[in-house]
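Enquirer: One structure coming up, written as structure tokens, with questions to follow.
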Amino acid sequence: MVTKNGINYLEGLRTGDEKIIKAIYIAMYPKVRHFVLKNEGAQQDAEEVFQNALYQLSIRLKVSDIEIKSSFEAYLFTVCKNLWRKELNSKKRWVRNEEAIALKSEESNHSEAIIAQERWDLFEEKLQLLSPNCKELLKDYFKKVPYDRIVKKFKYASENVAFQRIFKCKKRLGDLIKKDGNYTKLKS
């Protein structure tokens, strides 16, 4: 993955090239920081999320190749968003259930996050194989757009028709995912 400036971010992460890692920070950290601060986080949270994302990507690159369908910037930002959302969900669980404190090693957390990212990559890859209508419909569904708005947007006869169409698109997406060779490796 070569950027417009001729910098190979993936190779830089794989080899630990300090200049490239610094360039990644300069180019992409502000956007991640803004996202974390806007979503109940602090400066330190943003730094940790960004560092964890870079660490996980560098580990994945050392183990296997990563094929990025979008830009490196978009991919890294998605990894950071997923890590921050996972952190927020974890905090919410701790608040509700203070007695159940499970300590996990940092290595275990990174492994789980890498697997979660690989699952997300598989999901995104298969979503792109659906028809444009199905992709748009499922994106609205996953964003929890109300059915009445989906009916209007897609000009369906009723909410029942929208429900049936979403069901068919979800089934098609599920079938595509299950047929992929990586599915069995990632499902547990």
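Following the order of the structure tokens, chains are lettered A, B, ..., residues in each are numbered from 1, and ligands are numbered from 1.
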Residues at most 8 Å from range 169-172 of chain A, counting only C-alpha atoms, excluding those fewer than 4 positions away in the same chain, as a VMD selection string?

Expert: chain A and resid 130 134 138 165 176

Enquirer: Would you mind writing down, as a PyMOL selection string, each residue of chain A that DSSP on the backbone assigns to helix (DSSP H, G or I)?

Expert: chain A and resi 9-15+18-38+43-63+72-96+106-127+132-142+147-154+159-179+183-186

Enquirer: Pick from A:Leu13, A:Phe77, A:Ser90, A:Lys179: nearest to Gln56 in chain A, with only C-alpha atoms counted?

Expert: A:Leu13

Enquirer: For range 72-75 of chain A, list every protein, DNA or RNA residue within 12 Å, evaluated using only C-alpha atoms, and leave out those in the same chain fewer than 6 positions away; present the list as JSON, numbers by chain.

Expert: {"A": [1, 2, 3, 4, 7, 8, 9, 10, 11, 13, 23, 24, 25, 26, 27, 28, 29, 30, 31, 32, 53, 54, 57, 66, 81, 82, 117, 118, 120, 121, 124]}

Enquirer: Need to verify the contact set: Leu137 in chain A, 10 Å, only C-alpha atoms, exclusion of same-chain residues closer than 2 positions in sequence. Can you return it as a ChimeraX atom specification?

Expert: /A:131-135,139-143,145,150,153-154,162,165-166,169-170

Enquirer: Hey, can you spit out that residue selection with N, CA and C atoms as an mmCIF file, in the first residue's frame?

Expert:
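selection-v5.cif was written with the following content:
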data_model
loop_
_atom_site.group_PDB
_atom_site.id
_atom_site.type_symbol
_atom_site.label_atom_id
_atom_site.label_comp_id
_atom_site.auth_asym_id
_atom_site.auth_seq_id
_atom_site.Cartn_x
_atom_site.Cartn_y
_atom_site.Cartn_z
ATOM 1 N N SER A 131 -25.467 -6.823 -3.955
ATOM 2 C CA SER A 131 -25.966 -5.824 -4.902
ATOM 3 C C SER A 131 -25.928 -4.442 -4.226
ATOM 4 N N PRO A 132 -25.858 -3.394 -5.030
ATOM 5 C CA PRO A 132 -25.854 -2.039 -4.446
ATOM 6 C C PRO A 132 -27.064 -1.794 -3.549
ATOM 7 N N ASN A 133 -28.224 -2.301 -3.960
ATOM 8 C CA ASN A 133 -29.437 -2.129 -3.164
ATOM 9 C C ASN A 133 -29.303 -2.817 -1.807
ATOM 10 N N CYS A 134 -28.812 -4.056 -1.796
ATOM 11 C CA CYS A 134 -28.635 -4.799 -0.544
ATOM 12 C C CYS A 134 -27.617 -4.108 0.355
ATOM 13 N N LYS A 135 -26.510 -3.651 -0.228
ATOM 14 C CA LYS A 135 -25.489 -2.960 0.566
ATOM 15 C C LYS A 135 -26.086 -1.745 1.265
ATOM 16 N N LYS A 139 -26.671 -1.311 5.279
ATOM 17 C CA LYS A 139 -25.994 -0.214 5.988
ATOM 18 C C LYS A 139 -27.000 0.569 6.824
ATOM 19 N N ASP A 140 -28.163 0.855 6.244
ATOM 20 C CA ASP A 140 -29.207 1.547 7.011
ATOM 21 C C ASP A 140 -29.686 0.685 8.177
ATOM 22 N N TYR A 141 -29.873 -0.587 7.916
ATOM 23 C CA TYR A 141 -30.328 -1.505 8.966
ATOM 24 C C TYR A 141 -29.326 -1.542 10.128
ATOM 25 N N PHE A 142 -28.029 -1.652 9.804
ATOM 26 C CA PHE A 142 -27.013 -1.726 10.852
ATOM 27 C C PHE A 142 -26.869 -0.403 11.597
ATOM 28 N N LYS A 143 -27.239 0.701 10.930
ATOM 29 C CA LYS A 143 -27.219 2.004 11.606
ATOM 30 C C LYS A 143 -28.494 2.221 12.422
ATOM 31 N N VAL A 145 -31.559 2.552 11.345
ATOM 32 C CA VAL A 145 -32.514 3.475 10.739
ATOM 33 C C VAL A 145 -33.901 2.857 10.911
ATOM 34 N N ILE A 150 -36.831 3.535 6.144
ATOM 35 C CA ILE A 150 -36.329 2.613 5.108
ATOM 36 C C ILE A 150 -37.396 2.422 4.037
ATOM 37 N N LYS A 153 -37.382 5.555 1.899
ATOM 38 C CA LYS A 153 -36.159 5.694 1.115
ATOM 39 C C LYS A 153 -36.114 4.726 -0.064
ATOM 40 N N PHE A 154 -36.512 3.465 0.183
ATOM 41 C CA PHE A 154 -36.426 2.436 -0.855
ATOM 42 C C PHE A 154 -37.745 2.243 -1.600
ATOM 43 N N ALA A 162 -40.042 -4.302 3.740
ATOM 44 C CA ALA A 162 -38.683 -3.889 4.110
ATOM 45 C C ALA A 162 -38.040 -4.959 4.996
ATOM 46 N N ARG A 165 -37.059 -7.940 2.868
ATOM 47 C CA ARG A 165 -35.905 -7.627 2.009
ATOM 48 C C ARG A 165 -34.614 -7.622 2.842
ATOM 49 N N ILE A 166 -34.668 -7.046 4.034
ATOM 50 C CA ILE A 166 -33.502 -7.033 4.928
ATOM 51 C C ILE A 166 -33.127 -8.457 5.302
ATOM 52 N N CYS A 169 -31.324 -10.085 2.406
ATOM 53 C CA CYS A 169 -29.970 -9.533 2.239
ATOM 54 C C CYS A 169 -29.035 -10.039 3.345
ATOM 55 N N LYS A 170 -29.535 -10.097 4.566
ATOM 56 C CA LYS A 170 -28.717 -10.614 5.673
ATOM 57 C C LYS A 170 -28.374 -12.077 5.439
#

Enquirer: Report as a PyMOL selection string all protein, DNA and RNA residues lying within 10 Å of His34 in chain A, evaluated on only C-alpha atoms, omitting residues in the same chain fewer than 5 positions from it.

Expert: chain A and resi 29+39+41-43+46

Enquirer: Which is closest to Thr15 in chain A among A:Glu125, A:Ile59, A:Gln44, A:Lys185, if we use only C-alpha atoms?

Expert: A:Ile59
